[in-house]
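Source file: target.pdb (PDB, C-alpha atoms and all ligand atoms)
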ATOM      1  CA  MET A 199       0.000   0.000   0.000  1.00  0.00           C
ATOM      2  CA  GLY A 200       1.013   3.591  -0.263  1.00  0.00           C
ATOM      3  CA  ILE A 201       0.713   6.513   2.057  1.00  0.00           C
ATOM      4  CA  ILE A 202       0.449  10.207   1.442  1.00  0.00           C
ATOM      5  CA  ILE A 203       2.261  12.407   3.935  1.00  0.00           C
ATOM      6  CA  CYS A 204       1.688  16.068   4.606  1.00  0.00           C
ATOM      7  CA  GLN A 205       4.820  18.105   3.953  1.00  0.00           C
ATOM      8  CA  SER A 206       3.998  20.551   6.694  1.00  0.00           C
ATOM      9  CA  CYS A 207       3.151  18.339   9.651  1.00  0.00           C
ATOM     10  CA  ASN A 208       4.572  14.979   8.494  1.00  0.00           C
ATOM     11  CA  LYS A 209       1.338  13.210   9.293  1.00  0.00           C
ATOM     12  CA  THR A 210      -0.186  10.513   7.180  1.00  0.00           C
ATOM     13  CA  ILE A 211      -3.204  12.095   5.592  1.00  0.00           C
ATOM     14  CA  ASP A 212      -4.265   9.424   3.162  1.00  0.00           C
ATOM     15  CA  VAL A 213      -3.576   5.854   2.108  1.00  0.00           C
ATOM     16  CA  PHE A 214      -4.086   4.054  -1.142  1.00  0.00           C
ATOM     17  CA  GLU A 215      -3.779   0.524  -2.340  1.00  0.00           C
ATOM     18  CA  GLY A 216      -0.788  -0.599  -4.328  1.00  0.00           C
ATOM     19  CA  GLU A 217       1.616  -3.446  -4.820  1.00  0.00           C
ATOM     20  CA  LYS A 218       4.596  -1.546  -3.477  1.00  0.00           C
ATOM     21  CA  VAL A 219       5.019   0.380  -0.278  1.00  0.00           C
ATOM     22  CA  THR A 220       5.159   3.953  -1.414  1.00  0.00           C
ATOM     23  CA  LYS A 221       5.477   7.266   0.384  1.00  0.00           C
ATOM     24  CA  LEU A 222       4.247  10.367  -1.330  1.00  0.00           C
ATOM     25  CA  TYR A 223       4.392  13.886  -0.014  1.00  0.00           C
ATOM     26  CA  ALA A 224       1.260  15.882  -0.544  1.00  0.00           C
ATOM     27  CA  LYS A 225       1.540  18.817  -2.877  1.00  0.00           C
ATOM     28  CA  GLY A 226       0.435  22.254  -1.850  1.00  0.00           C
ATOM     29  CA  ASN A 227       0.421  24.020   1.450  1.00  0.00           C
ATOM     30  CA  GLY A 228      -0.561  21.522   4.068  1.00  0.00           C
ATOM     31  CA  CYS A 229      -3.397  19.155   4.648  1.00  0.00           C
ATOM     32  CA  THR A 230      -6.835  19.668   6.109  1.00  0.00           C
ATOM     33  CA  HIS A 231      -5.378  19.242   9.569  1.00  0.00           C
ATOM     34  CA  CYS A 232      -2.850  22.018   8.957  1.00  0.00           C
ATOM     35  CA  LYS A 233      -5.497  24.366   7.622  1.00  0.00           C
ATOM     36  CA  GLN A 234      -7.680  23.776  10.644  1.00  0.00           C
ATOM     37  CA  THR A 235      -4.740  24.503  12.899  1.00  0.00           C
ATOM     38  CA  GLU A 236      -4.031  27.738  11.061  1.00  0.00           C
ATOM     39  CA  GLN A 237      -7.596  28.885  11.450  1.00  0.00           C
ATOM     40  CA  LYS A 238      -7.366  28.504  15.207  1.00  0.00           C
ATOM     41  CA  LYS A 239      -4.476  30.958  15.456  1.00  0.00           C
TER      42      LYS A 239
HETATM   43 ZN    ZN B   1      -0.524  18.812   7.597  1.00  0.00          ZN
END
Go ahead and express the file in the form of structure tokens.
Amino acid sequence: MGIIICQSCNKTIDVFEGEKVTKLYAKGNGCTHCKQTEQKK
């Protein structure tokens, strides 16, 4: 399986099925978690 990691917080934000173990860093400025954190500031 593969995992998608947020570049900003290094958390796993999504997983997908696949034959190989793959790590992908999410493009853009952070995940939903990061955006929610920013809004609280
Ligand atoms: Zn994040």
> Which polymer residues, protein or nucleic acid, are no farther than 9 Å from (1.4, 15.4, 4.4), counting all atoms listed in the file, as a VMD selection string?
Replying inline: chain A and resid 202 to 212 222 to 225 228 to 229
Can I get the selected residues back with C-alpha atoms, as a PDB file, in the frame of the given file?
ATOM      1  CA  ILE A 202       0.449  10.207   1.442  1.00  0.00           C
ATOM      2  CA  ILE A 203       2.261  12.407   3.935  1.00  0.00           C
ATOM      3  CA  CYS A 204       1.688  16.068   4.606  1.00  0.00           C
ATOM      4  CA  GLN A 205       4.820  18.105   3.953  1.00  0.00           C
ATOM      5  CA  SER A 206       3.998  20.551   6.694  1.00  0.00           C
ATOM      6  CA  CYS A 207       3.151  18.339   9.651  1.00  0.00           C
ATOM      7  CA  ASN A 208       4.572  14.979   8.494  1.00  0.00           C
ATOM      8  CA  LYS A 209       1.338  13.210   9.293  1.00  0.00           C
ATOM      9  CA  THR A 210      -0.186  10.513   7.180  1.00  0.00           C
ATOM     10  CA  ILE A 211      -3.204  12.095   5.592  1.00  0.00           C
ATOM     11  CA  ASP A 212      -4.265   9.424   3.162  1.00  0.00           C
ATOM     12  CA  LEU A 222       4.247  10.367  -1.330  1.00  0.00           C
ATOM     13  CA  TYR A 223       4.392  13.886  -0.014  1.00  0.00           C
ATOM     14  CA  ALA A 224       1.260  15.882  -0.544  1.00  0.00           C
ATOM     15  CA  LYS A 225       1.540  18.817  -2.877  1.00  0.00           C
ATOM     16  CA  GLY A 228      -0.561  21.522   4.068  1.00  0.00           C
ATOM     17  CA  CYS A 229      -3.397  19.155   4.648  1.00  0.00           C
TER      18      CYS A 229
END
> At what distance in Å, to one decimal, does atom CA of A:Ile201 lie from atom CA of A:Gly226?
Replying inline: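 Straight-line distance from atom CA of A:Gly226 to atom CA of A:Ile201 works out to 16.2 Å.
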>> Can you pull out the residues contacting A:Glu215? Cut-off 9 Å, using only C-alpha atoms, and skip same-chain residues under 3 positions away; I want them as a list in words.
In response: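 Final neighbour list, sorted by chain and number: Met199, Gly200, Ile201 and Lys218 of chain A.
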Would you place a box with edges along x, y and z of the file around all atoms of stretch 212-216 of chain A listed there, add 6 Å to each of its six sides, and report the centre and edge lengths in Å to one decimal, as AutoDock Vina command-line options?
--center_x -2.5 --center_y 4.4 --center_z -0.6 --size_x 15.5 --size_y 22.0 --size_z 19.5
